[in-house]
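Asker: Sharing model_31.txt, compact mmCIF, C-alpha atoms and all ligand atoms:
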# COMPACT_ATOMS: atom_id res chain seq x y z
CA MET A 227 20.67 -6.68 -59.86
CA GLY A 228 19.07 -8.92 -57.32
CA ARG A 229 16.21 -11.31 -57.68
CA TYR A 230 12.70 -10.88 -56.50
CA VAL A 231 10.38 -13.84 -56.21
CA VAL A 232 6.66 -13.22 -56.47
CA ARG A 233 4.71 -16.34 -55.69
CA GLU A 234 1.28 -15.04 -56.29
CA ALA A 235 0.01 -12.23 -58.52
CA GLU A 236 -2.97 -10.11 -57.60
CA GLU A 237 -4.14 -9.49 -61.12
CA TYR A 238 -3.06 -9.86 -64.71
CA TYR A 239 -3.96 -7.66 -67.62
CA ASP A 240 -3.30 -8.65 -71.22
CA MET A 241 -1.64 -5.77 -73.04
CA ASN A 242 -2.45 -7.22 -76.48
CA GLU A 243 1.14 -6.96 -77.63
CA CYS A 244 4.23 -9.17 -77.76
CA ASP A 245 7.86 -8.64 -76.91
CA ALA A 246 10.78 -9.36 -79.27
CA ARG A 247 10.55 -13.10 -78.55
CA GLY A 248 6.87 -13.19 -79.39
CA TYR A 249 5.82 -13.59 -75.77
CA PRO A 250 2.72 -11.69 -74.77
CA VAL A 251 3.24 -8.58 -72.67
CA LYS A 252 1.18 -8.58 -69.51
CA LYS A 253 0.62 -6.08 -66.84
CA ILE A 254 0.63 -7.52 -63.34
CA ARG A 255 -0.26 -5.95 -60.07
CA TYR A 256 1.08 -6.79 -56.66
CA THR A 257 1.34 -4.92 -53.40
CA GLY A 258 -0.77 -2.31 -55.10
CA VAL A 259 1.84 -1.52 -57.78
CA GLU A 260 1.48 -2.30 -61.46
CA TYR A 261 4.33 -3.63 -63.56
CA GLU A 262 4.58 -4.60 -67.19
CA THR A 263 6.19 -7.92 -67.86
CA THR A 264 6.07 -10.88 -70.20
CA VAL A 265 4.69 -14.37 -69.74
CA ASP A 266 6.13 -17.45 -71.40
CA PRO A 267 3.89 -19.62 -73.63
CA GLU A 268 2.98 -21.98 -70.79
CA GLY A 269 1.70 -19.01 -68.86
CA ASP A 270 3.02 -20.09 -65.49
CA TYR A 271 6.44 -18.52 -65.48
CA VAL A 272 7.23 -14.90 -65.91
CA GLU A 273 10.77 -13.76 -66.47
CA SER A 274 12.53 -10.47 -67.07
CA GLY A 275 10.25 -8.59 -64.76
CA PRO A 276 10.57 -4.94 -63.89
CA ASP A 277 14.19 -3.80 -63.73
CA GLY A 278 15.49 -7.31 -64.29
CA TRP A 279 13.63 -8.92 -61.42
CA GLU A 280 12.73 -12.53 -61.89
CA ILE A 281 9.09 -13.12 -61.23
CA HIS A 282 7.52 -16.53 -60.73
CA THR A 283 3.76 -16.74 -60.66
CA VAL A 284 1.33 -19.45 -59.77
CA ILE A 285 -1.62 -19.58 -62.08
CA GLY A 286 -4.98 -19.46 -60.40
CA GLN A 287 -3.86 -17.60 -57.30
CA LYS A 288 -4.62 -13.98 -56.99
CA GLU A 289 -2.49 -12.76 -54.12
CA VAL A 290 1.02 -11.47 -54.16
CA GLN A 291 3.64 -11.52 -51.45
CA ALA A 292 6.98 -9.83 -51.74
CA PRO A 293 9.67 -11.23 -49.43
CA PRO A 294 10.00 -9.25 -46.20
CA LEU A 295 12.77 -6.67 -46.00
CA THR A 296 15.43 -8.00 -43.65
CA LEU A 297 18.39 -6.08 -42.31
CA TYR A 298 21.63 -7.54 -40.99
CA LYS A 299 20.83 -6.18 -37.52
CA ASN A 300 17.71 -4.74 -35.92
CA SER A 301 19.28 -3.13 -32.88
CA LEU A 302 22.46 -1.18 -32.13
CA ASN A 303 23.94 0.02 -28.84
CA LEU A 304 26.16 3.01 -29.50
CA ILE A 305 28.08 5.61 -27.55
CA VAL A 306 27.69 9.29 -28.38
CA GLY A 307 29.86 10.08 -31.44
CA GLU A 308 29.98 6.46 -32.59
CA GLU A 309 29.09 5.45 -36.15
CA ASN A 310 27.97 1.98 -37.14
CA TYR A 311 25.98 0.43 -39.95
CA VAL A 312 23.48 -2.23 -40.87
CA THR A 313 23.46 -3.90 -44.25
CA HIS A 314 20.37 -4.26 -46.40
CA PRO A 315 19.68 -6.43 -49.48
CA ASP A 316 21.24 -5.09 -52.66
CA ASN A 317 18.05 -5.37 -54.71
CA HIS A 318 16.57 -1.95 -54.68
CA SER A 319 16.61 1.63 -53.61
CA TYR A 320 15.93 2.42 -50.00
CA SER A 321 14.96 5.47 -48.03
CA VAL A 322 15.99 5.90 -44.39
CA GLU A 323 14.50 7.97 -41.65
CA SER A 324 15.28 8.54 -37.97
CA SER A 325 12.52 9.01 -35.42
CA ASP A 326 14.78 11.40 -33.48
CA GLU A 327 17.77 13.08 -35.12
CA ALA A 328 18.91 14.44 -31.74
CA VAL A 329 19.63 10.80 -30.79
CA ALA A 330 20.79 9.23 -34.06
CA THR A 331 20.98 10.17 -37.73
CA ALA A 332 20.94 7.72 -40.63
CA GLU A 333 22.20 7.82 -44.19
CA GLU A 334 21.94 5.25 -46.97
CA LYS A 335 25.28 4.52 -48.72
CA GLY A 336 25.74 1.56 -51.04
CA PHE A 337 24.73 -1.64 -49.28
CA TYR A 338 24.76 0.06 -45.90
CA VAL A 339 22.65 2.24 -43.71
CA TRP A 340 25.17 4.31 -41.74
CA ILE A 341 23.93 5.37 -38.34
CA LYS A 342 25.61 8.04 -36.21
CA ALA A 343 24.90 8.40 -32.49
CA VAL A 344 24.32 12.05 -31.64
CA GLY A 345 22.88 12.16 -28.11
CA LYS A 346 21.59 10.03 -25.25
CA GLY A 347 18.29 8.22 -25.81
CA THR A 348 16.59 5.74 -28.12
CA ALA A 349 15.69 6.29 -31.77
CA THR A 350 14.09 4.09 -34.39
CA ILE A 351 15.63 4.08 -37.85
CA THR A 352 13.10 3.05 -40.50
CA VAL A 353 14.46 1.61 -43.73
CA LYS A 354 11.98 1.48 -46.59
CA ASP A 355 12.25 -0.37 -49.87
CA ILE A 356 11.05 2.35 -52.22
CA LYS A 357 9.68 -0.11 -54.82
CA SER A 358 7.82 -2.62 -52.70
CA GLY A 359 7.04 -0.29 -49.82
CA GLN A 360 8.30 -2.90 -47.35
CA LYS A 361 9.88 -1.53 -44.19
CA ALA A 362 12.28 -2.71 -41.50
CA THR A 363 13.50 -0.91 -38.42
CA VAL A 364 16.65 -0.61 -36.35
CA THR A 365 16.37 0.38 -32.71
CA VAL A 366 19.34 2.52 -31.71
CA THR A 367 20.15 3.00 -28.02
CA VAL A 368 22.72 5.70 -27.32
CA ILE A 369 24.58 6.29 -24.06
CA PRO A 370 27.31 8.85 -23.40
CA LEU A 371 30.90 7.61 -23.04
CA CYS A 372 31.86 10.43 -20.64
CA PRO A 373 29.77 12.63 -18.32
CA ASP A 374 31.23 15.86 -19.77
CA GLY A 375 34.14 17.24 -21.82
CA ASN A 376 36.66 17.40 -18.95
CA HIS A 377 38.73 14.33 -19.80
CA PRO A 378 40.18 12.09 -18.50
CA HIS A 379 37.31 10.34 -16.75
CA MET A 380 37.31 7.10 -14.78
CA ILE A 381 34.95 4.68 -16.53
CA ASP A 382 33.40 2.07 -14.27
CA LEU A 383 33.03 -1.20 -16.17
CA GLY A 384 31.98 -3.07 -13.02
CA LEU A 385 35.18 -5.15 -13.09
CA PRO A 386 35.69 -7.67 -10.26
CA SER A 387 39.00 -6.11 -9.10
CA GLY A 388 37.43 -2.64 -8.87
CA THR A 389 39.76 -1.32 -11.59
CA LYS A 390 38.44 1.72 -13.47
CA TRP A 391 39.69 2.49 -16.98
CA ALA A 392 40.44 5.99 -18.26
CA CYS A 393 38.37 7.35 -21.16
CA CYS A 394 41.46 8.47 -23.12
CA ASN A 395 45.18 7.84 -23.66
CA VAL A 396 48.17 9.57 -22.05
CA GLY A 397 48.89 12.63 -24.23
CA ALA A 398 45.34 12.75 -25.64
CA THR A 399 42.68 15.34 -24.86
CA LYS A 400 39.69 13.20 -25.89
CA PRO A 401 38.79 9.50 -26.31
CA GLU A 402 39.31 9.32 -30.08
CA GLU A 403 42.78 10.95 -30.03
CA TYR A 404 45.92 8.79 -30.26
CA GLY A 405 47.98 10.62 -27.65
CA GLY A 406 51.72 9.99 -27.26
CA ASN A 407 53.93 6.97 -27.96
CA TYR A 408 55.69 5.89 -24.76
CA ALA A 409 58.31 3.20 -24.31
CA TRP A 410 58.29 1.10 -21.14
CA GLU A 411 59.89 2.98 -18.21
CA GLU A 412 60.06 6.18 -20.31
CA MET A 413 58.41 9.57 -19.73
CA LYS A 414 59.17 10.97 -23.19
CA ASP A 415 56.75 10.86 -26.09
CA TRP A 416 59.03 9.18 -28.60
CA GLY A 417 56.74 9.96 -31.54
CA ASN A 418 58.21 8.25 -34.57
CA ASP A 419 61.64 7.52 -33.02
CA THR A 420 63.17 4.41 -31.56
CA HIS A 421 65.80 4.52 -28.87
CA CYS A 422 68.36 2.14 -27.46
CA ASP A 423 68.07 2.24 -23.70
CA GLU A 424 69.18 -1.27 -22.72
CA LEU A 425 69.32 -0.65 -18.98
CA LEU A 426 66.45 -1.61 -16.75
CA LYS A 427 65.75 1.29 -14.42
CA GLU A 428 63.36 -0.58 -12.20
CA THR A 429 64.30 -3.79 -10.41
CA ASN A 430 60.66 -4.89 -10.28
CA ARG A 431 59.13 -6.69 -13.20
CA ASP A 432 56.19 -4.33 -12.92
CA ILE A 433 56.56 -0.53 -13.06
CA ALA A 434 52.97 0.36 -12.08
CA ASN A 435 52.83 3.19 -9.55
CA THR A 436 56.60 3.81 -9.67
CA LYS A 437 58.47 6.89 -10.92
CA HIS A 438 58.92 5.01 -14.21
CA ASP A 439 55.17 4.75 -14.75
CA VAL A 440 54.26 7.52 -17.23
CA ALA A 441 50.54 7.46 -16.34
CA HIS A 442 51.36 7.76 -12.64
CA VAL A 443 53.81 10.64 -13.25
CA LYS A 444 52.07 12.62 -16.03
CA TRP A 445 48.55 12.29 -14.69
CA ASP A 446 47.89 12.44 -11.01
CA GLY A 447 48.92 9.69 -8.61
CA ASN A 448 45.53 7.98 -8.88
CA TRP A 449 46.44 6.63 -12.30
CA GLN A 450 48.83 3.93 -13.48
CA ILE A 451 49.73 1.92 -16.56
CA PRO A 452 47.54 -1.22 -16.51
CA SER A 453 49.25 -4.47 -15.54
CA ILE A 454 48.79 -7.42 -17.87
CA LYS A 455 46.44 -8.87 -15.25
CA GLN A 456 44.21 -5.82 -15.53
CA ILE A 457 44.24 -6.01 -19.34
CA ARG A 458 43.25 -9.69 -19.13
CA GLU A 459 40.43 -8.76 -16.78
CA LEU A 460 39.20 -6.20 -19.34
CA LEU A 461 39.23 -8.80 -22.13
CA GLU A 462 37.46 -11.42 -20.01
CA ASN A 463 34.68 -9.15 -18.81
CA CYS A 464 33.96 -7.14 -21.97
CA GLU A 465 32.71 -7.83 -25.46
CA SER A 466 34.89 -6.01 -27.95
CA GLU A 467 34.09 -4.96 -31.49
CA TRP A 468 35.69 -2.90 -34.23
CA ALA A 469 34.18 0.58 -34.04
CA ARG A 470 34.37 4.15 -35.26
CA LEU A 471 34.17 7.12 -32.90
CA ASN A 472 34.06 10.67 -34.30
CA GLY A 473 35.94 9.46 -37.39
CA ALA A 474 38.65 7.47 -35.52
CA ARG A 475 38.83 3.70 -35.89
CA GLY A 476 39.46 1.37 -32.98
CA ARG A 477 37.86 -1.21 -30.71
CA LYS A 478 35.02 -0.61 -28.33
CA PHE A 479 35.06 -2.69 -25.14
CA THR A 480 31.61 -3.01 -23.61
CA SER A 481 31.24 -4.47 -20.11
CA LYS A 482 29.24 -7.69 -19.85
CA ILE A 483 28.62 -6.64 -16.24
CA ASN A 484 27.18 -3.11 -16.43
CA GLY A 485 26.99 -2.21 -20.15
CA ASN A 486 29.44 0.71 -19.96
CA SER A 487 32.07 1.09 -22.67
CA ILE A 488 35.54 2.41 -23.39
CA PHE A 489 36.94 3.10 -26.86
CA LEU A 490 40.59 2.35 -27.67
CA CYS A 491 41.66 4.01 -30.91
CA ALA A 492 43.80 2.07 -33.36
CA GLY A 493 46.73 4.45 -33.57
CA GLY A 494 49.30 1.84 -34.59
CA ASN A 495 52.63 1.83 -32.81
CA PHE A 496 55.43 4.35 -33.16
CA GLY A 497 55.36 5.98 -36.58
CA ASP A 498 51.85 4.64 -37.20
CA TYR A 499 53.39 1.72 -39.13
CA PHE A 500 50.25 -0.30 -38.50
CA PRO A 501 47.52 2.36 -38.47
CA GLY A 502 44.72 -0.22 -38.57
CA CYS A 503 45.98 -1.84 -35.36
CA GLY A 504 46.08 -0.91 -31.70
CA TYR A 505 49.11 -1.47 -29.44
CA TYR A 506 48.66 -0.63 -25.76
CA LEU A 507 51.52 -1.12 -23.36
CA SER A 508 51.17 -2.80 -19.96
CA SER A 509 53.32 -2.20 -16.88
CA THR A 510 54.48 -5.83 -16.89
CA LEU A 511 57.82 -7.09 -18.22
CA SER A 512 57.97 -10.51 -19.86
CA SER A 513 59.25 -13.12 -17.41
CA SER A 514 61.33 -14.84 -20.08
CA ASN A 515 62.80 -11.88 -22.00
CA LYS A 516 63.84 -8.57 -20.41
CA ASP A 517 63.56 -6.81 -23.79
CA ARG A 518 59.90 -7.67 -24.13
CA ILE A 519 56.84 -6.28 -22.39
CA TRP A 520 53.30 -7.53 -22.18
CA GLY A 521 50.58 -5.47 -23.86
CA LEU A 522 47.24 -5.42 -25.59
CA SER A 523 47.24 -5.88 -29.35
CA PHE A 524 44.19 -5.63 -31.60
CA ASP A 525 43.01 -5.11 -35.14
CA PRO A 526 39.57 -5.25 -36.79
CA SER A 527 39.27 -9.01 -36.19
CA TYR A 528 40.80 -9.74 -32.77
CA ALA A 529 42.04 -8.39 -29.43
CA ASP A 530 44.54 -10.27 -27.26
CA CYS A 531 47.47 -10.02 -24.85
CA ILE A 532 50.96 -10.54 -26.26
CA ALA A 533 54.39 -10.45 -24.65
CA GLY A 534 55.94 -9.04 -27.83
CA PHE A 535 56.24 -5.32 -27.16
CA SER A 536 59.75 -3.92 -27.60
CA ARG A 537 61.46 -1.80 -24.94
CA GLN A 538 62.88 0.33 -27.75
CA GLN A 539 59.57 1.55 -29.18
CA GLY A 540 56.76 3.82 -28.10
CA TYR A 541 53.20 2.57 -27.70
CA LYS A 542 49.85 3.94 -26.60
CA ILE A 543 49.04 4.02 -22.88
CA ARG A 544 45.50 3.79 -21.51
CA PRO A 545 45.72 4.39 -17.76
CA VAL A 546 43.72 2.63 -15.07
CA SER A 547 42.80 3.54 -11.53
CA ARG A 548 41.54 1.63 -8.52
ZN ZN B 601 36.18 11.41 -20.72
Do you think you could lay out the structure here as structure tokens?
Ligand SMILES: [Zn+2]

Answerer:
Amino acid sequence: MGRYVVREAEEYYDMNECDARGYPVKKIRYTGVEYETTVDPEGDYVESGPDGWEIHTVIGQKEVQAPPLTLYKNSLNLIVGEENYVTHPDNHSYSVESSDEAVATAEEKGFYVWIKAVGKGTATITVKDIKSGQKATVTVTVIPLCPDGNHPHMIDLGLPSGTKWACCNVGATKPEEYGGNYAWEEMKDWGNDTHCDELLKETNRDIANTKHDVAHVKWDGNWQIPSIKQIRELLENCESEWARLNGARGRKFTSKINGNSIFLCAGGNFGDYFPGCGYYLSSTLSSSNKDRIWGLSFDPSYADCIAGFSRQQGYKIRPVSR
């Protein structure tokens, strides 16, 4: 149970009775609500207030102020299908209400107000402390990730190189799906298997736009596996945060340039050994080790480029286009 500090009481009423300790029982009123409580013999400190609240009063003052209701965040930018939350104090019971359920819905669960983006627009979520009547609001702005359901789409993040990122992975039919697990230079979805192909098929260190580029071959020729340079450009020009889209976990990358977003699901690597992490392969071989490839690695707390991807395992591929 949390604490509630009342600095000033509107009114006191003597109830002409005592509690088990012999302290007089008083009724106090603040913010228009009456509560029974007890006052210690000095009369300037009230403890064990309603529902275990601790109430301090100042004798001689007649007004009451409850602390304002503050939420962890007061605005959220979401993409359609995304769920996010704001935390509220753990003191009391809260009710939640959306100004437009066609834009965003809200539900109170534990310490959180869960908000789900339904459609394009802006909605105000009002959180109300049922006891004190205090309110706080969250402004939710929702934009669509894709223009329609015919994936894949090219998402323009306004990147300096002109690179556009696909909305979904190779082998996936929508943004929140994992898709296949592809090893570098391989066309096959290796699923949960490893393989032992030690021979480099391509003499170049970079397979983008070659016949060994699975995005280039399986999608149309406008697409390719991103180079490590293009992945770095994504990281440098976007804010990324852990997110949830239609039930799938992953990271959302939102452009600092034009506000558009892509969502990369955290499908783990082959066999989903690390289901809370994302491993996305690049087209670029490590310069120091021909068994290692550069790629994008992330989990709930970070996103970065590493040259630690194995040529014998399958990883997710998020194509790019110019
Ligand atoms: Zn799409």

Asker: Can you list every residue of range 363-438 of chain A that has an atom at most 12 Å from range 529-535 of chain A, with its nearest atom pair and the distance in Å to one decimal, using all atoms listed in the file, ordered by chain then number, as JSON lines?

Answerer:
{"residue": "A:Tyr408", "atom": "CA", "partner": "A:Phe535", "partner_atom": "CA", "distance": 11.5}
{"residue": "A:Ala409", "atom": "CA", "partner": "A:Phe535", "partner_atom": "CA", "distance": 9.2}
{"residue": "A:Trp410", "atom": "CA", "partner": "A:Phe535", "partner_atom": "CA", "distance": 9.0}

Asker: Save the residues we just selected, C-alpha atoms, as a PDB file, keeping the file's coordinate frame?

Answerer:
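result.pdb, written as the output of this step:
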ATOM      1  CA  TYR A 408      55.690   5.890 -24.760  1.00  0.00           C
ATOM      2  CA  ALA A 409      58.310   3.200 -24.310  1.00  0.00           C
ATOM      3  CA  TRP A 410      58.290   1.100 -21.140  1.00  0.00           C
TER       4      TRP A 410
END

Asker: Tell me, as a PyMOL selection string, which residues lie within 7 Å of Ile341 in chain A, counting all atoms listed in the file; anything in the same chain fewer than 3 positions away does not count.

Answerer: chain A and resi 309-311+330-333

Asker: Write out as a PyMOL selection string each polymer residue (protein, DNA or RNA) that has an atom no more than 10 Å from ligand ZN 601 (chain B), with all atoms listed in the file counted.

Answerer: chain A and resi 370-381+392-394+399-401+488

Asker: Put those residues in a file: C-alpha atoms, as a PDB file, in the frame of the given file.

Answerer:
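So selection03.pdb came out as:
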ATOM      1  CA  PRO A 370      27.310   8.850 -23.400  1.00  0.00           C
ATOM      2  CA  LEU A 371      30.900   7.610 -23.040  1.00  0.00           C
ATOM      3  CA  CYS A 372      31.860  10.430 -20.640  1.00  0.00           C
ATOM      4  CA  PRO A 373      29.770  12.630 -18.320  1.00  0.00           C
ATOM      5  CA  ASP A 374      31.230  15.860 -19.770  1.00  0.00           C
ATOM      6  CA  GLY A 375      34.140  17.240 -21.820  1.00  0.00           C
ATOM      7  CA  ASN A 376      36.660  17.400 -18.950  1.00  0.00           C
ATOM      8  CA  HIS A 377      38.730  14.330 -19.800  1.00  0.00           C
ATOM      9  CA  PRO A 378      40.180  12.090 -18.500  1.00  0.00           C
ATOM     10  CA  HIS A 379      37.310  10.340 -16.750  1.00  0.00           C
ATOM     11  CA  MET A 380      37.310   7.100 -14.780  1.00  0.00           C
ATOM     12  CA  ILE A 381      34.950   4.680 -16.530  1.00  0.00           C
ATOM     13  CA  ALA A 392      40.440   5.990 -18.260  1.00  0.00           C
ATOM     14  CA  CYS A 393      38.370   7.350 -21.160  1.00  0.00           C
ATOM     15  CA  CYS A 394      41.460   8.470 -23.120  1.00  0.00           C
ATOM     16  CA  THR A 399      42.680  15.340 -24.860  1.00  0.00           C
ATOM     17  CA  LYS A 400      39.690  13.200 -25.890  1.00  0.00           C
ATOM     18  CA  PRO A 401      38.790   9.500 -26.310  1.00  0.00           C
ATOM     19  CA  ILE A 488      35.540   2.410 -23.390  1.00  0.00           C
TER      20      ILE A 488
END

Asker: So how many Å separate CA of Asn448 in chain A and CA of Ser387 in chain A, to one decimal?

Answerer: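 So the answer is 15.5 Å.
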
Asker: What is the distance, in Å and to one decimal place, between CA of Val306 in chain A and CA of Val366 in chain A?

Answerer: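 Pair CA of Val306 in chain A / CA of Val366 in chain A returns 11.3 Å.
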
Asker: Go through A:Ile351, A:Ala398, A:Ile457, A:Val312 one by one, measure the shortest atom-to-atom distance of each to Ser324 in chain A using only C-alpha atoms, and give the residue with the smallest value.

Answerer: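 The shortest atom-to-atom distance to Ser324 in chain A comes from A:Ile351.
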
Asker: So the first atom is CA of Tyr298 in chain A and the second is CA of Glu402 in chain A; what is the distance between them in Å, to one decimal place?

Answerer: 26.8 Å

Asker: Would you please work out which residue, of A:Asn484, A:Leu471, A:Arg458, A:Leu383, is nearest to Ala343 in chain A when using all atoms listed in the file?

Answerer: A:Leu471

Asker: Skip Asn395 in chain A itself and residues of its chain fewer than 4 positions away, then list as a list of chain:residue names all residues within 6 Å of it, counting only C-alpha atoms.

Answerer: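 Those residues are A:Gly405, A:Ile543, A:Arg544.
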
Asker: Which residue, A:Val443, A:Ser453, A:Ala434, A:Tyr404, has the smallest gap to Cys503 in chain A when you use only C-alpha atoms?

Answerer: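 Of all the options, A:Tyr404 lies closest to Cys503 in chain A.
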
Asker: Closest to Asp517 in chain A among A:Lys354, A:Glu459, A:Lys342, A:Asp423, using only C-alpha atoms?

Answerer: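 When distances to Asp517 in chain A are compared using only C-alpha atoms, the smallest one comes from A:Asp423.
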
Asker: Just want the 9 Å neighbourhood of Ser509 in chain A, counted on all atoms listed in the file, with same-chain residues fewer than 5 positions away dropped. Output as a list in words.

Answerer: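 Residues near the query, excluding close chain neighbours: Trp410, Glu411, Arg431, Asp432, Ile433, Ala434, Asp439, Gln450, Ile451, Pro452, Ser453, Ile454, Ile519, Trp520 and Gly521 of chain A.
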
Asker: With all atoms listed in the file as the atoms that count, which of A:Asn472, A:Glu462, A:Val344, A:Glu412 lies nearest to Thr436 in chain A?

Answerer: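 So, comparing all the options, the nearest one is A:Glu412.
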
Asker: Return the single residue from A:Glu428, A:Asp525, A:Gly397, A:Ile305 that is closest to Thr367 in chain A, with distances computed using only C-alpha atoms.

Answerer: A:Ile305

Asker: Could you name the residues that touch His421 in chain A at 9 Å or less, counting all atoms listed in the file, but leaving out those on the same chain fewer than 3 positions away, as a list in words?

Answerer: Ala409, Trp416, Arg537, Gln538 and Gln539 of chain A

Asker: Return the padded bounding box of range 293-306 of chain A as JSON: axis-aligned, built from all atoms listed in the file, 3 Å added on each side, with centre and edge lengths in Å to one decimal.

Answerer:
{"center_x": 18.9, "center_y": -1.0, "center_z": -38.5, "size_x": 24.4, "size_y": 26.5, "size_z": 27.9}

Asker: Could you list, as a PDB file with C-alpha atoms, keeping the file's coordinate frame, every residue within 10 Å of Gly384 in chain A, counting all atoms listed in the file and ignoring same-chain residues fewer than 3 positions away?

Answerer:
ATOM      1  CA  ILE A 381      34.950   4.680 -16.530  1.00  0.00           C
ATOM      2  CA  SER A 387      39.000  -6.110  -9.100  1.00  0.00           C
ATOM      3  CA  GLY A 388      37.430  -2.640  -8.870  1.00  0.00           C
ATOM      4  CA  THR A 389      39.760  -1.320 -11.590  1.00  0.00           C
ATOM      5  CA  LYS A 390      38.440   1.720 -13.470  1.00  0.00           C
ATOM      6  CA  ASN A 463      34.680  -9.150 -18.810  1.00  0.00           C
ATOM      7  CA  SER A 481      31.240  -4.470 -20.110  1.00  0.00           C
ATOM      8  CA  LYS A 482      29.240  -7.690 -19.850  1.00  0.00           C
ATOM      9  CA  ILE A 483      28.620  -6.640 -16.240  1.00  0.00           C
ATOM     10  CA  ASN A 484      27.180  -3.110 -16.430  1.00  0.00           C
ATOM     11  CA  GLY A 485      26.990  -2.210 -20.150  1.00  0.00           C
ATOM     12  CA  ASN A 486      29.440   0.710 -19.960  1.00  0.00           C
TER      13      ASN A 486
END
